[in-house]
Amino acid sequence: MRHLMSPMDFSVEELEKLMDLAGDIEANPAKYAHACEGKKLATLFYEPSTRTRLSHEAAMLNLGGNIMGFSSADSSSAAKGESVSDTIRTISCYADICAMRHPKEGAPMVACRHSSIPVINAGDGGHQHPTQTLTDLLTIRSLKGHLGNMNIGLCGDLKFGRTVHSLIHALVRYPGVEFTLISPEELRLPGYIRSDVLDKNDIPYQEVVRLEDALPKLDLLYMTRVQKERFFNEEDYVRMKDFYILDAKKMALAPKDMYVLHPLPRVNEISVEVDSDPRAAYFRQMQYGVYIRMALILTLLEIEVK
Ligand code: CP
């Protein structure tokens with residue numbers, strides 16, 4: 001039985017297969033409409049979510065399966081003190097596959113050790129968000145036609161941003177990738193990712209503070225939100241929250257084919273005036289998230305559709 005804890009759980013070849021399957025699902029939705037009939041997905045969300053929970057649920061419903069779950073720790077027996085390991089033993093009796101989001105790093109890993117059904121990590125603290133990464137890879141491949149040979153700007157909260165951490169792990173396996181890390185000093189990419197992932201794989205990167213300095217050289221810009229929920233004090237959050245605001249004036253500095261991605265939700269970091277720019281791809285990105293999660297559910301349940 002297979003789980004998804006990190007994007008590294010799939011080889012580059014397996015990722016290609018998964019993205020090809022997502023592409024076929026997009027082109028031929030009717031072919032997959034009954035693939036998961038009789039199967040149940042449980043969504044165990046101990047942290048708020050709109051896209052990740054509902055896109056997993058939409059994915060299972062599109063495949064003809066059923067869904068169950070909870071959307072906050074308060075509405076589950078976690079509020080009474082139940083452990084993650086006991087909860088997953090319970091869910092294993094009720095569902096065929098589950099997606100778990102938890103504020104503590106490693107909680108989905110604990111779950112998969114006690115689970116008899118596939119567990120999908122739907123985001124664990126500031127650690128990883130692998131299904132967002134699958135979404136991002138599919139979006140980039142669909143927009144640019146390839147995943148290597150590009151300068152990718154990662155902007156915002158690179159310290160706590162689990163989407164960025166997962167994306168870096170996944171992209172360093174493609175040739176010709178380089179990163180421009182755009183953040184304030186306090187929100188720099190953690191040292192262990194710079195040394196263990198970027199340096200170890202000889203990936204070129206530069207760190208800059210001003211978005212304007214980076215924009216002209218980028219093939220892709222990945223914006224992120226400064227995450228209020230990860231700060232220990234309100235004062236630091238207030239100081240950082242509007243550090244970057246991408247607007248039409250800044251977009252004028254960027255190449256004509258530089259797409260803008262964002263895992264969403266956004267707060268102020270992308271002005272709404274950018275939404276109508278053809279390079280703004282963050283709403284298309286959400287739609288790709290459903291196709292790739294459909295492909296993931298089929299793969300983890302080992303369901304082949306002829
Ligand atoms: N991208 C993402 O994880 O969004 P949600 O927090 O709404 O699930």
# chains A, B, ... in the order shown; residues from 1 in each chain; ligands from 1
>>> residues_near_ligand(ligand="ligand 1", cutoff="8 Å", atoms="only C-alpha atoms and all ligand atoms", output="list of chain:residue names")
A:Pro48, A:Ser49, A:Thr50, A:Arg51, A:Thr52, A:Arg53, A:Leu54, A:Ala122, A:Gly123, A:His129, A:Gln132, A:Thr163, A:His262, A:Pro263, A:Leu264, A:Pro265
>>> write_last_selection(atoms="all heavy atoms", output="tab-separated table (two decimals), in the first residue's frame")
chain	number	residue	atom	x	y	z
A	48	PRO	N	-7.77	24.88	8.87
A	48	PRO	CA	-8.68	25.39	7.82
A	48	PRO	C	-8.18	25.14	6.40
A	48	PRO	O	-6.97	25.07	6.16
A	48	PRO	CB	-8.72	26.90	8.10
A	48	PRO	CG	-8.27	27.07	9.50
A	48	PRO	CD	-7.32	25.95	9.78
A	49	SER	N	-9.12	25.02	5.49
A	49	SER	CA	-8.80	24.82	4.08
A	49	SER	C	-10.03	25.10	3.24
A	49	SER	O	-11.15	24.82	3.68
A	49	SER	CB	-8.35	23.37	3.85
A	49	SER	OG	-8.33	23.07	2.47
A	50	THR	N	-9.83	25.63	2.06
A	50	THR	CA	-10.91	25.67	1.07
A	50	THR	C	-10.54	24.76	-0.10
A	50	THR	O	-11.20	23.76	-0.37
A	50	THR	CB	-11.14	27.12	0.57
A	50	THR	OG1	-11.56	27.91	1.68
A	50	THR	CG2	-12.21	27.18	-0.52
A	51	ARG	N	-9.45	25.09	-0.78
A	51	ARG	CA	-9.07	24.37	-1.98
A	51	ARG	C	-8.68	22.91	-1.75
A	51	ARG	O	-9.13	22.02	-2.47
A	51	ARG	CB	-7.87	25.05	-2.68
A	51	ARG	CG	-8.23	26.13	-3.64
A	51	ARG	CD	-7.13	27.18	-3.61
A	51	ARG	NE	-7.11	27.77	-2.28
A	51	ARG	CZ	-7.89	28.78	-1.92
A	51	ARG	NH1	-8.66	29.34	-2.79
A	51	ARG	NH2	-7.88	29.24	-0.68
A	52	THR	N	-7.82	22.68	-0.79
A	52	THR	CA	-7.26	21.32	-0.68
A	52	THR	C	-8.35	20.32	-0.28
A	52	THR	O	-8.46	19.25	-0.87
A	52	THR	CB	-6.10	21.31	0.33
A	52	THR	OG1	-5.22	22.38	0.00
A	52	THR	CG2	-5.33	20.01	0.27
A	53	ARG	N	-9.15	20.70	0.71
A	53	ARG	CA	-10.21	19.77	1.13
A	53	ARG	C	-11.25	19.59	0.03
A	53	ARG	O	-11.58	18.48	-0.38
A	53	ARG	CB	-10.88	20.25	2.42
A	53	ARG	CG	-11.92	19.26	2.95
A	53	ARG	CD	-12.39	19.63	4.34
A	53	ARG	NE	-13.16	20.85	4.37
A	53	ARG	CZ	-14.48	20.95	4.13
A	53	ARG	NH1	-15.18	19.88	3.82
A	53	ARG	NH2	-15.09	22.12	4.20
A	54	LEU	N	-11.74	20.72	-0.49
A	54	LEU	CA	-12.84	20.60	-1.45
A	54	LEU	C	-12.38	20.04	-2.80
A	54	LEU	O	-13.16	19.39	-3.49
A	54	LEU	CB	-13.54	21.96	-1.61
A	54	LEU	CG	-14.20	22.46	-0.31
A	54	LEU	CD1	-14.87	23.81	-0.53
A	54	LEU	CD2	-15.20	21.47	0.22
A	122	ALA	N	-2.11	16.32	3.24
A	122	ALA	CA	-2.75	17.50	2.64
A	122	ALA	C	-2.20	18.79	3.24
A	122	ALA	O	-2.84	19.85	3.16
A	122	ALA	CB	-4.26	17.40	2.82
A	123	GLY	N	-0.98	18.70	3.80
A	123	GLY	CA	-0.33	19.87	4.41
A	123	GLY	C	-0.08	19.61	5.88
A	123	GLY	O	-1.03	19.38	6.63
A	129	HIS	N	3.55	20.09	1.49
A	129	HIS	CA	2.18	20.14	0.95
A	129	HIS	C	2.26	19.47	-0.43
A	129	HIS	O	2.16	20.13	-1.47
A	129	HIS	CB	1.73	21.59	0.85
A	129	HIS	CG	0.27	21.79	0.59
A	129	HIS	ND1	-0.58	20.77	0.17
A	129	HIS	CD2	-0.52	22.89	0.69
A	129	HIS	CE1	-1.80	21.26	0.03
A	129	HIS	NE2	-1.79	22.53	0.34
A	132	GLN	N	-0.29	20.03	-3.33
A	132	GLN	CA	-0.15	21.36	-3.94
A	132	GLN	C	0.98	21.32	-4.96
A	132	GLN	O	0.89	21.88	-6.05
A	132	GLN	CB	0.11	22.42	-2.88
A	132	GLN	CG	0.23	23.83	-3.44
A	132	GLN	CD	-1.05	24.33	-4.09
A	132	GLN	OE1	-2.13	24.22	-3.50
A	132	GLN	NE2	-0.97	24.85	-5.31
A	163	THR	N	4.29	25.09	0.84
A	163	THR	CA	4.12	24.87	-0.60
A	163	THR	C	5.45	25.08	-1.32
A	163	THR	O	5.81	24.34	-2.22
A	163	THR	CB	3.07	25.82	-1.20
A	163	THR	OG1	3.47	27.17	-0.94
A	163	THR	CG2	1.70	25.58	-0.61
A	262	HIS	N	0.23	31.01	-7.65
A	262	HIS	CA	0.05	31.24	-6.20
A	262	HIS	C	-0.78	30.06	-5.70
A	262	HIS	O	-1.81	29.74	-6.31
A	262	HIS	CB	-0.69	32.57	-5.99
A	262	HIS	CG	-0.72	33.04	-4.55
A	262	HIS	ND1	-1.08	32.24	-3.49
A	262	HIS	CD2	-0.43	34.26	-4.01
A	262	HIS	CE1	-1.00	32.93	-2.35
A	262	HIS	NE2	-0.60	34.15	-2.64
A	263	PRO	N	-0.38	29.44	-4.60
A	263	PRO	CA	-1.19	28.30	-4.13
A	263	PRO	C	-2.56	28.74	-3.62
A	263	PRO	O	-3.48	27.94	-3.54
A	263	PRO	CB	-0.35	27.70	-3.00
A	263	PRO	CG	0.56	28.81	-2.55
A	263	PRO	CD	0.81	29.66	-3.78
A	264	LEU	N	-2.68	30.03	-3.28
A	264	LEU	CA	-3.89	30.62	-2.72
A	264	LEU	C	-4.19	29.98	-1.35
A	264	LEU	O	-3.77	28.87	-1.12
A	264	LEU	CB	-5.09	30.50	-3.67
A	264	LEU	CG	-4.88	31.10	-5.07
A	264	LEU	CD1	-6.13	30.86	-5.92
A	264	LEU	CD2	-4.60	32.61	-5.00
A	265	PRO	N	-4.87	30.60	-0.43
A	265	PRO	CA	-5.52	31.89	-0.59
A	265	PRO	C	-4.53	33.05	-0.61
A	265	PRO	O	-3.46	32.96	-0.02
A	265	PRO	CB	-6.40	31.99	0.66
A	265	PRO	CG	-5.68	31.18	1.70
A	265	PRO	CD	-5.03	30.06	0.94
>>> residues_around(residues="Ser76 of chain A", least_positions_apart="5", cutoff="12 Å", atoms="only C-alpha atoms", output="list in words")
Thr43, Leu44, Phe45, Tyr46, Glu47, Gly69, Phe70, Ser71, Gly81, Glu82, Ser83, Val84, Thr87, Thr90 and Ile91 of chain A
>>> write_last_selection(atoms="C-alpha atoms", output="compact mmCIF listing (two decimals), in the first residue's frame")
# COMPACT_ATOMS: atom_id res chain seq x y z
CA THR A 43 -10.96 14.21 4.57
CA LEU A 44 -9.43 14.74 8.03
CA PHE A 45 -8.72 18.45 8.30
CA TYR A 46 -7.37 19.68 11.63
CA GLU A 47 -6.57 23.06 10.01
CA GLY A 69 -14.81 13.76 6.98
CA PHE A 70 -14.35 16.70 9.30
CA SER A 71 -13.13 20.20 8.56
CA GLY A 81 -7.89 14.34 23.29
CA GLU A 82 -7.90 11.47 20.78
CA SER A 83 -4.50 10.82 19.19
CA VAL A 84 -3.84 10.88 15.44
CA THR A 87 -8.20 8.46 14.74
CA THR A 90 -10.93 4.44 13.23
CA ILE A 91 -11.01 5.97 9.75
>>> closest_residue(among="A:Ala78, A:Ser276, A:Ala22, A:Pro103", to="Ala59 of chain A", atoms="only C-alpha atoms")
A:Ala22
>>> select_by_dssp(residues="segment 4-242 of chain A", states="strand (DSSP E)", output="MDAnalysis selection string")
chainID A and resid 40:45 66:70 97:102 119:124 150:155 177:182 205:208 220:223
>>> residues_around(residues="Asn151 of chain A", least_positions_apart="3", cutoff="10 Å", atoms="only C-alpha atoms", output="NGL selection string")
:A and (148 or 154 or 176-180 or 204-205 or 217-221 or 258)
>>> write_last_selection(atoms="N, CA, C and O atoms", output="PDB file, in the first residue's frame")
ATOM      1  N   GLY A 148      11.824  21.712 -16.822  1.00  0.00           N
ATOM      2  CA  GLY A 148      13.219  22.097 -16.576  1.00  0.00           C
ATOM      3  C   GLY A 148      13.560  23.404 -17.260  1.00  0.00           C
ATOM      4  O   GLY A 148      12.695  24.085 -17.828  1.00  0.00           O
ATOM      5  N   LEU A 154      10.600  32.495  -6.281  1.00  0.00           N
ATOM      6  CA  LEU A 154       9.728  32.108  -5.168  1.00  0.00           C
ATOM      7  C   LEU A 154       9.678  33.305  -4.239  1.00  0.00           C
ATOM      8  O   LEU A 154      10.726  33.733  -3.739  1.00  0.00           O
ATOM      9  N   GLY A 176      18.435  22.069 -15.449  1.00  0.00           N
ATOM     10  CA  GLY A 176      18.403  23.474 -15.846  1.00  0.00           C
ATOM     11  C   GLY A 176      17.508  24.354 -14.993  1.00  0.00           C
ATOM     12  O   GLY A 176      17.227  25.499 -15.375  1.00  0.00           O
ATOM     13  N   VAL A 177      17.079  23.842 -13.836  1.00  0.00           N
ATOM     14  CA  VAL A 177      16.235  24.673 -12.958  1.00  0.00           C
ATOM     15  C   VAL A 177      17.120  25.540 -12.075  1.00  0.00           C
ATOM     16  O   VAL A 177      18.118  25.077 -11.530  1.00  0.00           O
ATOM     17  N   GLU A 178      16.789  26.822 -11.981  1.00  0.00           N
ATOM     18  CA  GLU A 178      17.447  27.683 -10.992  1.00  0.00           C
ATOM     19  C   GLU A 178      16.380  28.503 -10.274  1.00  0.00           C
ATOM     20  O   GLU A 178      15.273  28.684 -10.780  1.00  0.00           O
ATOM     21  N   PHE A 179      16.719  28.942  -9.067  1.00  0.00           N
ATOM     22  CA  PHE A 179      15.737  29.645  -8.244  1.00  0.00           C
ATOM     23  C   PHE A 179      16.207  31.047  -7.904  1.00  0.00           C
ATOM     24  O   PHE A 179      17.396  31.274  -7.646  1.00  0.00           O
ATOM     25  N   THR A 180      15.260  31.961  -7.877  1.00  0.00           N
ATOM     26  CA  THR A 180      15.486  33.280  -7.286  1.00  0.00           C
ATOM     27  C   THR A 180      14.588  33.353  -6.054  1.00  0.00           C
ATOM     28  O   THR A 180      13.352  33.260  -6.179  1.00  0.00           O
ATOM     29  N   PRO A 204      21.683  26.224  -8.859  1.00  0.00           N
ATOM     30  CA  PRO A 204      21.996  27.649  -8.714  1.00  0.00           C
ATOM     31  C   PRO A 204      20.808  28.415  -8.104  1.00  0.00           C
ATOM     32  O   PRO A 204      19.656  28.146  -8.470  1.00  0.00           O
ATOM     33  N   TYR A 205      21.111  29.308  -7.184  1.00  0.00           N
ATOM     34  CA  TYR A 205      20.057  30.161  -6.643  1.00  0.00           C
ATOM     35  C   TYR A 205      20.653  31.473  -6.167  1.00  0.00           C
ATOM     36  O   TYR A 205      21.838  31.552  -5.858  1.00  0.00           O
ATOM     37  N   LYS A 217      14.127  38.886 -14.877  1.00  0.00           N
ATOM     38  CA  LYS A 217      14.890  37.675 -15.242  1.00  0.00           C
ATOM     39  C   LYS A 217      14.117  36.377 -15.061  1.00  0.00           C
ATOM     40  O   LYS A 217      14.668  35.301 -15.256  1.00  0.00           O
ATOM     41  N   LEU A 218      12.871  36.462 -14.663  1.00  0.00           N
ATOM     42  CA  LEU A 218      12.154  35.231 -14.283  1.00  0.00           C
ATOM     43  C   LEU A 218      11.370  34.612 -15.439  1.00  0.00           C
ATOM     44  O   LEU A 218      10.815  35.319 -16.278  1.00  0.00           O
ATOM     45  N   ASP A 219      11.292  33.263 -15.418  1.00  0.00           N
ATOM     46  CA  ASP A 219      10.409  32.544 -16.334  1.00  0.00           C
ATOM     47  C   ASP A 219       9.065  32.282 -15.677  1.00  0.00           C
ATOM     48  O   ASP A 219       8.062  32.054 -16.359  1.00  0.00           O
ATOM     49  N   LEU A 220       9.085  32.266 -14.357  1.00  0.00           N
ATOM     50  CA  LEU A 220       7.874  31.960 -13.599  1.00  0.00           C
ATOM     51  C   LEU A 220       7.985  32.619 -12.233  1.00  0.00           C
ATOM     52  O   LEU A 220       9.075  32.628 -11.648  1.00  0.00           O
ATOM     53  N   LEU A 221       6.890  33.158 -11.745  1.00  0.00           N
ATOM     54  CA  LEU A 221       6.893  33.750 -10.401  1.00  0.00           C
ATOM     55  C   LEU A 221       5.864  33.023  -9.551  1.00  0.00           C
ATOM     56  O   LEU A 221       4.685  32.947  -9.904  1.00  0.00           O
ATOM     57  N   MET A 258       6.122  35.380 -18.548  1.00  0.00           N
ATOM     58  CA  MET A 258       6.355  34.987 -17.152  1.00  0.00           C
ATOM     59  C   MET A 258       5.016  34.771 -16.433  1.00  0.00           C
ATOM     60  O   MET A 258       4.344  35.728 -16.061  1.00  0.00           O
TER      61      MET A 258
END
>>> closest_residue(among="A:Ile88, A:Leu158, A:Ile67, A:Ala99", to="Glu37 of chain A", atoms="only C-alpha atoms")
A:Ile67
